[in-house]
Amino acid sequence: GALRGVDALVYAYSIDHEMNNDGKPTARPDPARMPPFALDIDTYSGIRVYGGRLAAQVYAGRDWRLEVGGDVYHASHDARRRTDRRDTGEPMSRDLIWGGARIADAGLFARAERTLGIVDVSAAVRIDRVWADADSASAFFRENVTDDLEARETNLSGALTAGVPLGARWRLSAGLGSVARTADANERYSDRNPARKMQIGAEFMGDPSLKPERSTQVDLWIEASYPRLALAFNVFGRRIDDHITIEPTELPRRSAMSAPTVYRYVNGEATYWGTEVTATLRLPHALTFSAAAAYLYGRDETLDEPAFGVPPLRGDVRLRWEPGARGLFVEGAWRGVARQDRAATARGEKPTPGYTTLDVQGGIELSRRVRLRAGVNNLTD
């Protein structure tokens with residue numbers, strides 16, 4: 001009948017992670033540090049995730065390909081930190097990082113593809129209902145962020161793509177999509193939790209009332225395929241409303257060993273555009289040459305500075321030799337990364353210098369079941 005296939009998935013995973021500061025500088029006394037005595041620090045975190053997905057492929061006519069379904073997940077997070085004096089055992093602090101934070105998401109989706117003459121069209125839509133809350137929060141969190149730990153959202157996402165051939169070898173495609181991303185447990189419930197966000201090692205405060213990010217993107221790409229040559233070029237523009245980012249605060253840090261500034265997760269606005277280009281060329285003598293380049297520009301409209309964590313211009317070149325005997329290959333790869341001067345200085349980022357790396361590797365089949373591969377990454381340091 002109309003039902004052509006069913007995919008079903010149920011999953012669960014659990015992560016328990018405990019670490020201490022044994023062997024670290026903080027485990028030894030240091031008169032030049034505050035506090036000067038040795039510390040005994042123990043941190044525990046646990047994450048439990050359960051979920052599932054059910055999707056059906058449905059016959060909706062000869063020219064249609066249709067999939068409908070739903071998915072659900074539930075994630076719970078708990079983390080805490082204990083700090084004592086190592087020499088006397090005197091308790092220093094008991095810190096709550098995640099107080100039994102829970103996030104659940106139930107979604108329904110549909111995806112359809114159809115060929116209309118020479119145009120291939122695909123569309124997707126999904127709706128999500130999100131629940132977030134926590135069992136507890138510290139007095140500091142309740143006083144400086146909020147006493148309401150619950151949040152409810154209904155998010156709608158969708159995308160539309162169309163592709164048309166431009167002759168026998170070329171193809172032009174365009175896409176438009178708008179996707180919502182809900183805030184995660186760190187962004188909602190971090191309680192001056194030390195973390196490293198790109199270059200910044202500092203303490204971060206969450207906010208349960210963060211709005212979901214709304215990312216709207218337009219893509220245009222062109223592809224070419226010849227017997228010995230393949231090309232692809234893509235350009236895109238992206239607007240993120242209620243962008244989840246960070247801003248500095250005047251809140252006091254929890255630990256004297258942390259960076260002096262505490263950052264808070266906030267909503268803002270951001271604009272991005274970027275481009276990617278790739279090429280692969282098959283050469284004589286079993287050689288294949290490939291190259292790729294990518295550039296991303298981002299601006300935080302709310303803080304009026306470059307967007308946070310944007311990578312610089314990058315280029316990759318590879319040359320691979322495959323004579324076809326026993327899986328033998330030899331490959332050299334070069335990567336060049338430009339200097340990044342567009343740094344989010346208000347949030348602690350600094351410009352980074354450019355660099356280049358050269359990698360070489362090769363391999364061969366020793367038998368039907370054994371392959372040997374060897375190489376050196378960053379050959380020239």
# chains A, B, ... in the order shown; residues from 1 in each chain; ligands from 1
call {"tool": "residues_around", "arguments": {"residues": "Gly206 in chain A", "least_positions_apart": "3", "cutoff": "7 Å", "atoms": "only C-alpha atoms", "output": "list of chain:residue names"}}
result
A:Asn186, A:Glu187, A:Arg188, A:Tyr189, A:Ser190, A:Asp191, A:Arg264, A:Tyr265
call {"tool": "select_by_dssp", "arguments": {"residues": "range 27-61 of chain A", "states": "strand (DSSP E or B)", "output": "list in words"}}
result
Leu39, Asp40, Ile41, Asp42, Thr43, Tyr44, Ser45, Gly46, Ile47, Arg48, Val49, Tyr50, Gly51, Gly52, Arg53, Leu54, Ala55, Ala56, Gln57 and Val58 of chain A
call {"tool": "atom_distance", "arguments": {"atom1": "CA of Arg228 in chain A", "atom2": "CA of Arg282 in chain A"}}
result
4.9 Å
call {"tool": "residues_around", "arguments": {"residues": "Arg181 in chain A", "least_positions_apart": "5", "cutoff": "7 Å", "atoms": "only C-alpha atoms", "output": "PyMOL selection string"}}
result
chain A and resi 212-214
call {"tool": "atom_distance", "arguments": {"atom1": "CA of Val68 in chain A", "atom2": "CA of Leu54 in chain A"}}
result
8.6 Å
call {"tool": "select_by_dssp", "arguments": {"residues": "range 79-241 of chain A", "states": "helix (DSSP H, G or I)", "output": "number ranges by chain"}}
result
A: 139-144, 185-189
call {"tool": "write_last_selection", "arguments": {"atoms": "all heavy atoms", "output": "compact mmCIF listing (two decimals), in the first residue's frame"}}
result
# COMPACT_ATOMS: atom_id res chain seq x y z
N ALA A 139 21.74 30.11 45.72
CA ALA A 139 21.17 31.40 46.11
C ALA A 139 21.73 32.51 45.22
O ALA A 139 21.01 33.45 44.87
CB ALA A 139 21.48 31.68 47.58
N PHE A 140 23.00 32.40 44.83
CA PHE A 140 23.60 33.41 43.95
C PHE A 140 22.89 33.42 42.60
O PHE A 140 22.60 34.49 42.06
CB PHE A 140 25.09 33.10 43.77
CG PHE A 140 25.82 34.11 42.94
CD1 PHE A 140 26.42 35.21 43.51
CD2 PHE A 140 25.91 33.96 41.56
CE1 PHE A 140 27.09 36.14 42.74
CE2 PHE A 140 26.57 34.89 40.77
CZ PHE A 140 27.17 35.99 41.37
N PHE A 141 22.61 32.24 42.04
CA PHE A 141 21.91 32.15 40.76
C PHE A 141 20.52 32.77 40.87
O PHE A 141 20.09 33.54 40.00
CB PHE A 141 21.82 30.69 40.33
CG PHE A 141 21.34 30.48 38.93
CD1 PHE A 141 22.24 30.34 37.88
CD2 PHE A 141 19.99 30.42 38.64
CE1 PHE A 141 21.81 30.14 36.58
CE2 PHE A 141 19.54 30.22 37.34
CZ PHE A 141 20.46 30.08 36.31
N ARG A 142 19.80 32.44 41.92
CA ARG A 142 18.44 32.96 42.08
C ARG A 142 18.43 34.47 42.27
O ARG A 142 17.51 35.16 41.82
CB ARG A 142 17.76 32.26 43.26
CG ARG A 142 17.53 30.77 43.02
CD ARG A 142 16.84 30.12 44.21
NE ARG A 142 16.65 28.69 44.04
CZ ARG A 142 15.64 28.13 43.39
NH1 ARG A 142 14.70 28.90 42.85
NH2 ARG A 142 15.55 26.82 43.28
N GLU A 143 19.44 35.02 42.92
CA GLU A 143 19.48 36.45 43.18
C GLU A 143 19.95 37.25 41.97
O GLU A 143 19.50 38.38 41.74
CB GLU A 143 20.41 36.74 44.36
CG GLU A 143 19.88 36.23 45.70
CD GLU A 143 20.92 36.34 46.80
OE1 GLU A 143 22.02 36.87 46.51
OE2 GLU A 143 20.64 35.88 47.92
N ASN A 144 20.87 36.68 41.16
CA ASN A 144 21.48 37.44 40.09
C ASN A 144 20.98 37.08 38.70
O ASN A 144 21.28 37.80 37.73
CB ASN A 144 23.00 37.26 40.12
CG ASN A 144 23.65 37.91 41.32
OD1 ASN A 144 23.92 39.10 41.33
ND2 ASN A 144 23.87 37.11 42.37
N ALA A 185 21.98 22.94 28.21
CA ALA A 185 22.04 23.00 29.67
C ALA A 185 23.06 24.00 30.16
O ALA A 185 22.83 24.71 31.16
CB ALA A 185 22.33 21.61 30.24
N ASN A 186 24.22 24.09 29.50
CA ASN A 186 25.22 25.08 29.90
C ASN A 186 24.67 26.49 29.74
O ASN A 186 24.83 27.34 30.62
CB ASN A 186 26.48 24.92 29.06
CG ASN A 186 27.44 23.90 29.65
OD1 ASN A 186 27.50 23.72 30.85
ND2 ASN A 186 28.18 23.24 28.78
N GLU A 187 24.04 26.76 28.61
CA GLU A 187 23.54 28.10 28.33
C GLU A 187 22.40 28.49 29.27
O GLU A 187 22.20 29.67 29.55
CB GLU A 187 23.11 28.18 26.88
CG GLU A 187 24.28 28.04 25.90
CD GLU A 187 23.85 27.69 24.50
OE1 GLU A 187 22.71 27.23 24.31
OE2 GLU A 187 24.67 27.86 23.57
N ARG A 188 21.65 27.52 29.75
CA ARG A 188 20.53 27.82 30.63
C ARG A 188 20.91 27.84 32.11
O ARG A 188 20.45 28.70 32.87
CB ARG A 188 19.41 26.79 30.44
CG ARG A 188 18.69 26.86 29.10
CD ARG A 188 17.56 25.87 29.07
NE ARG A 188 16.94 25.75 27.76
CZ ARG A 188 15.96 26.53 27.32
NH1 ARG A 188 15.48 27.50 28.09
NH2 ARG A 188 15.44 26.35 26.12
N TYR A 189 21.75 26.89 32.55
CA TYR A 189 21.88 26.65 33.99
C TYR A 189 23.30 26.73 34.53
O TYR A 189 23.52 26.43 35.70
CB TYR A 189 21.28 25.29 34.34
CG TYR A 189 19.81 25.19 34.01
CD1 TYR A 189 19.36 24.40 32.97
CD2 TYR A 189 18.87 25.91 34.73
CE1 TYR A 189 18.01 24.31 32.65
CE2 TYR A 189 17.52 25.84 34.43
CZ TYR A 189 17.10 25.03 33.38
OH TYR A 189 15.75 24.96 33.08
call {"tool": "residues_around", "arguments": {"residues": "Ala344 in chain A", "least_positions_apart": "6", "cutoff": "10 Å", "atoms": "only C-alpha atoms", "output": "ChimeraX atom specification"}}
result
/A:299-300,303-310,350-351
call {"tool": "write_last_selection", "arguments": {"atoms": "all heavy atoms", "output": "compact mmCIF listing (two decimals), in the first residue's frame"}}
result
# COMPACT_ATOMS: atom_id res chain seq x y z
N ARG A 299 29.31 39.12 12.05
CA ARG A 299 29.25 40.34 12.85
C ARG A 299 28.15 40.22 13.89
O ARG A 299 27.02 39.83 13.58
CB ARG A 299 29.00 41.56 11.97
CG ARG A 299 28.93 42.86 12.78
CD ARG A 299 29.18 44.09 11.95
NE ARG A 299 29.33 45.28 12.80
CZ ARG A 299 30.46 45.62 13.41
NH1 ARG A 299 31.54 44.88 13.23
NH2 ARG A 299 30.51 46.70 14.17
N ASP A 300 28.50 40.55 15.15
CA ASP A 300 27.53 40.61 16.23
C ASP A 300 26.90 41.99 16.22
O ASP A 300 27.54 42.99 16.57
CB ASP A 300 28.23 40.33 17.56
CG ASP A 300 27.26 40.12 18.70
OD1 ASP A 300 26.33 40.95 18.85
OD2 ASP A 300 27.40 39.14 19.45
N LEU A 303 26.41 43.68 20.00
CA LEU A 303 27.59 44.23 20.66
C LEU A 303 28.44 45.06 19.71
O LEU A 303 29.47 45.60 20.12
CB LEU A 303 28.43 43.09 21.24
CG LEU A 303 27.74 42.23 22.30
CD1 LEU A 303 28.68 41.15 22.80
CD2 LEU A 303 27.25 43.09 23.46
N ASP A 304 28.03 45.18 18.43
CA ASP A 304 28.70 46.02 17.46
C ASP A 304 30.19 45.68 17.35
O ASP A 304 31.06 46.56 17.45
CB ASP A 304 28.52 47.50 17.80
CG ASP A 304 28.94 48.41 16.64
OD1 ASP A 304 28.90 47.94 15.49
OD2 ASP A 304 29.33 49.57 16.90
N GLU A 305 30.48 44.41 17.15
CA GLU A 305 31.85 43.96 16.95
C GLU A 305 31.81 42.65 16.17
O GLU A 305 30.74 42.09 15.92
CB GLU A 305 32.56 43.77 18.29
CG GLU A 305 32.06 42.60 19.12
CD GLU A 305 33.00 42.31 20.28
OE1 GLU A 305 33.98 43.04 20.48
OE2 GLU A 305 32.73 41.34 21.01
N PRO A 306 32.99 42.14 15.74
CA PRO A 306 32.98 40.86 15.02
C PRO A 306 32.31 39.76 15.84
O PRO A 306 32.36 39.77 17.07
CB PRO A 306 34.48 40.57 14.82
CG PRO A 306 35.10 41.93 14.77
CD PRO A 306 34.32 42.76 15.75
N ALA A 307 31.68 38.83 15.15
CA ALA A 307 31.05 37.70 15.82
C ALA A 307 32.10 36.87 16.53
O ALA A 307 33.28 36.87 16.19
CB ALA A 307 30.28 36.86 14.82
N PHE A 308 31.63 36.14 17.53
CA PHE A 308 32.52 35.38 18.41
C PHE A 308 32.91 34.05 17.78
O PHE A 308 32.07 33.31 17.28
CB PHE A 308 31.77 35.14 19.73
CG PHE A 308 32.60 34.52 20.81
CD1 PHE A 308 33.58 35.25 21.45
CD2 PHE A 308 32.39 33.21 21.19
CE1 PHE A 308 34.34 34.69 22.45
CE2 PHE A 308 33.14 32.64 22.19
CZ PHE A 308 34.12 33.37 22.81
N GLY A 309 34.21 33.75 17.77
CA GLY A 309 34.66 32.43 17.35
C GLY A 309 34.60 32.16 15.86
O GLY A 309 34.40 31.03 15.45
N VAL A 310 34.79 33.18 15.03
CA VAL A 310 34.73 32.99 13.57
C VAL A 310 36.11 32.58 13.05
O VAL A 310 37.10 33.27 13.30
CB VAL A 310 34.28 34.29 12.87
CG1 VAL A 310 34.33 34.12 11.36
CG2 VAL A 310 32.87 34.64 13.32
N LYS A 350 41.48 37.52 20.98
CA LYS A 350 42.63 38.25 20.45
C LYS A 350 42.88 37.81 19.01
O LYS A 350 42.56 36.69 18.64
CB LYS A 350 43.87 37.97 21.31
CG LYS A 350 43.73 38.43 22.75
CD LYS A 350 44.99 38.10 23.54
CE LYS A 350 44.85 38.55 24.99
NZ LYS A 350 46.06 38.23 25.79
N PRO A 351 43.47 38.69 18.20
CA PRO A 351 43.83 38.27 16.84
C PRO A 351 44.78 37.07 16.88
O PRO A 351 45.58 36.92 17.81
CB PRO A 351 44.53 39.51 16.26
CG PRO A 351 43.97 40.65 17.05
CD PRO A 351 43.76 40.12 18.44
call {"tool": "residues_around", "arguments": {"residues": "Leu108 in chain A", "least_positions_apart": "5", "cutoff": "9 Å", "atoms": "only C-alpha atoms", "output": "PyMOL selection string"}}
result
chain A and resi 68-72+125-128
call {"tool": "write_last_selection", "arguments": {"atoms": "C-alpha atoms", "output": "PDB file, in the first residue's frame"}}
result
ATOM      1  CA  VAL A  68       6.984  11.639   7.861  1.00  0.00           C
ATOM      2  CA  GLY A  69       7.832  10.916  11.458  1.00  0.00           C
ATOM      3  CA  GLY A  70       8.682  12.130  14.909  1.00  0.00           C
ATOM      4  CA  ASP A  71      11.439  12.033  17.482  1.00  0.00           C
ATOM      5  CA  VAL A  72      11.850  12.682  21.197  1.00  0.00           C
ATOM      6  CA  VAL A 125       9.280  21.113   7.908  1.00  0.00           C
ATOM      7  CA  ARG A 126       9.337  20.217  11.596  1.00  0.00           C
ATOM      8  CA  ILE A 127       7.770  21.441  14.817  1.00  0.00           C
ATOM      9  CA  ASP A 128       9.324  20.964  18.247  1.00  0.00           C
TER      10      ASP A 128
END
call {"tool": "residues_around", "arguments": {"residues": "range 247-251 of chain A", "least_positions_apart": "4", "cutoff": "8 Å", "atoms": "only C-alpha atoms", "output": "ChimeraX atom specification"}}
result
/A:261-266,346-347
call {"tool": "atom_distance", "arguments": {"atom1": "CA of Gly274 in chain A", "atom2": "CA of Ala159 in chain A"}}
result
18.9 Å
call {"tool": "closest_residue", "arguments": {"among": "A:Gly52, A:Ala38, A:Phe289, A:Ala124", "to": "Glu90 in chain A", "atoms": "only C-alpha atoms"}}
result
A:Ala38
call {"tool": "residues_around", "arguments": {"residues": "Ala374 in chain A", "least_positions_apart": "3", "cutoff": "8 Å", "atoms": "only C-alpha atoms", "output": "mmCIF file with all heavy atoms, in the first residue's frame"}}
result
data_model
loop_
_atom_site.group_PDB
_atom_site.id
_atom_site.type_symbol
_atom_site.label_atom_id
_atom_site.label_comp_id
_atom_site.auth_asym_id
_atom_site.auth_seq_id
_atom_site.Cartn_x
_atom_site.Cartn_y
_atom_site.Cartn_z
ATOM 1 N N GLN A 361 51.497 11.207 3.826
ATOM 2 C CA GLN A 361 51.128 9.866 4.256
ATOM 3 C C GLN A 361 51.107 8.927 3.053
ATOM 4 O O GLN A 361 51.077 9.359 1.904
ATOM 5 C CB GLN A 361 49.764 9.855 4.945
ATOM 6 C CG GLN A 361 48.598 10.224 4.052
ATOM 7 C CD GLN A 361 47.258 9.995 4.744
ATOM 8 O OE1 GLN A 361 47.085 9.020 5.470
ATOM 9 N NE2 GLN A 361 46.322 10.906 4.508
ATOM 10 N N GLY A 362 51.165 7.643 3.359
ATOM 11 C CA GLY A 362 51.113 6.628 2.326
ATOM 12 C C GLY A 362 50.587 5.338 2.899
ATOM 13 O O GLY A 362 50.487 5.166 4.123
ATOM 14 N N GLY A 363 50.225 4.411 2.012
ATOM 15 C CA GLY A 363 49.685 3.148 2.482
ATOM 16 C C GLY A 363 49.774 2.072 1.413
ATOM 17 O O GLY A 363 49.965 2.366 0.223
#
call {"tool": "closest_residue", "arguments": {"among": "A:Asn155, A:Thr288, A:Thr43, A:Gln217", "to": "Arg81 in chain A", "atoms": "only C-alpha atoms"}}
result
A:Thr43
call {"tool": "closest_residue", "arguments": {"among": "A:Ser157, A:Ser290, A:Ser76, A:Thr271", "to": "Gly107 in chain A", "atoms": "only C-alpha atoms"}}
result
A:Ser157
call {"tool": "decode", "arguments": {"residues": "range 330-343 of chain A", "atoms": "all heavy atoms", "output": "compact mmCIF listing (two decimals), in the first residue's frame"}}
result
# COMPACT_ATOMS: atom_id res chain seq x y z
N VAL A 330 50.29 7.40 -2.15
CA VAL A 330 51.14 8.38 -1.47
C VAL A 330 50.46 9.73 -1.63
O VAL A 330 50.02 10.08 -2.74
CB VAL A 330 52.56 8.41 -2.07
CG1 VAL A 330 53.39 9.48 -1.36
CG2 VAL A 330 53.23 7.04 -1.95
N GLU A 331 50.36 10.47 -0.54
CA GLU A 331 49.62 11.74 -0.58
C GLU A 331 50.36 12.80 0.21
O GLU A 331 50.88 12.55 1.29
CB GLU A 331 48.22 11.54 0.01
CG GLU A 331 47.36 12.79 -0.01
CD GLU A 331 45.99 12.55 0.60
OE1 GLU A 331 45.89 12.53 1.86
OE2 GLU A 331 45.02 12.36 -0.16
N GLY A 332 50.37 14.00 -0.35
CA GLY A 332 50.86 15.17 0.35
C GLY A 332 49.75 16.19 0.46
O GLY A 332 48.98 16.39 -0.49
N ALA A 333 49.65 16.84 1.61
CA ALA A 333 48.57 17.81 1.84
C ALA A 333 49.15 19.08 2.46
O ALA A 333 49.96 19.02 3.39
CB ALA A 333 47.51 17.21 2.76
N TRP A 334 48.73 20.21 1.94
CA TRP A 334 49.15 21.52 2.45
C TRP A 334 47.91 22.27 2.91
O TRP A 334 46.89 22.29 2.24
CB TRP A 334 49.85 22.31 1.35
CG TRP A 334 50.20 23.73 1.72
CD1 TRP A 334 51.34 24.17 2.30
CD2 TRP A 334 49.39 24.90 1.51
NE1 TRP A 334 51.31 25.53 2.48
CE2 TRP A 334 50.11 26.00 2.00
CE3 TRP A 334 48.11 25.10 0.97
CZ2 TRP A 334 49.61 27.29 1.95
CZ3 TRP A 334 47.61 26.40 0.93
CH2 TRP A 334 48.35 27.48 1.41
N ARG A 335 48.01 22.89 4.08
CA ARG A 335 46.93 23.75 4.58
C ARG A 335 47.50 25.11 4.93
O ARG A 335 48.51 25.22 5.63
CB ARG A 335 46.26 23.14 5.80
CG ARG A 335 45.36 24.14 6.56
CD ARG A 335 44.44 23.47 7.55
NE ARG A 335 43.39 22.73 6.85
CZ ARG A 335 42.36 22.16 7.48
NH1 ARG A 335 42.25 22.24 8.80
NH2 ARG A 335 41.44 21.51 6.79
N GLY A 336 46.84 26.15 4.46
CA GLY A 336 47.21 27.51 4.80
C GLY A 336 46.05 28.22 5.46
O GLY A 336 44.92 28.19 4.96
N VAL A 337 46.30 28.82 6.62
CA VAL A 337 45.28 29.55 7.37
C VAL A 337 45.75 30.99 7.54
O VAL A 337 46.88 31.23 7.98
CB VAL A 337 45.03 28.89 8.74
CG1 VAL A 337 44.02 29.71 9.54
CG2 VAL A 337 44.53 27.46 8.56
N ALA A 338 44.90 31.92 7.18
CA ALA A 338 45.28 33.33 7.22
C ALA A 338 45.21 33.89 8.64
O ALA A 338 44.62 33.30 9.54
CB ALA A 338 44.35 34.14 6.31
N ARG A 339 45.82 35.03 8.83
CA ARG A 339 45.72 35.75 10.10
C ARG A 339 44.27 36.19 10.30
O ARG A 339 43.59 36.57 9.35
CB ARG A 339 46.65 36.96 10.09
CG ARG A 339 46.53 37.85 11.33
CD ARG A 339 47.50 39.02 11.26
NE ARG A 339 47.28 39.93 12.38
CZ ARG A 339 47.81 39.78 13.57
NH1 ARG A 339 48.61 38.73 13.80
NH2 ARG A 339 47.57 40.64 14.55
N GLN A 340 43.80 36.13 11.55
CA GLN A 340 42.45 36.58 11.86
C GLN A 340 42.53 37.84 12.72
O GLN A 340 42.90 37.80 13.90
CB GLN A 340 41.67 35.49 12.61
CG GLN A 340 40.25 35.89 13.01
CD GLN A 340 39.36 36.27 11.85
OE1 GLN A 340 39.58 37.29 11.21
NE2 GLN A 340 38.37 35.43 11.57
N ASP A 341 42.25 38.98 12.09
CA ASP A 341 42.25 40.25 12.80
C ASP A 341 40.87 40.62 13.34
O ASP A 341 40.75 41.51 14.18
CB ASP A 341 42.74 41.38 11.89
CG ASP A 341 44.22 41.23 11.56
OD1 ASP A 341 45.00 40.97 12.48
OD2 ASP A 341 44.57 41.35 10.36
N ARG A 342 39.83 39.95 12.84
CA ARG A 342 38.47 40.27 13.27
C ARG A 342 38.15 39.45 14.54
O ARG A 342 37.61 38.36 14.48
CB ARG A 342 37.46 39.96 12.17
CG ARG A 342 37.59 40.86 10.96
CD ARG A 342 36.53 40.54 9.92
NE ARG A 342 35.20 40.44 10.50
CZ ARG A 342 34.44 41.47 10.85
NH1 ARG A 342 34.89 42.70 10.66
NH2 ARG A 342 33.25 41.27 11.38
N ALA A 343 38.53 40.00 15.68
CA ALA A 343 38.35 39.32 16.96
C ALA A 343 37.31 40.03 17.80
O ALA A 343 37.17 41.26 17.75
CB ALA A 343 39.67 39.25 17.72
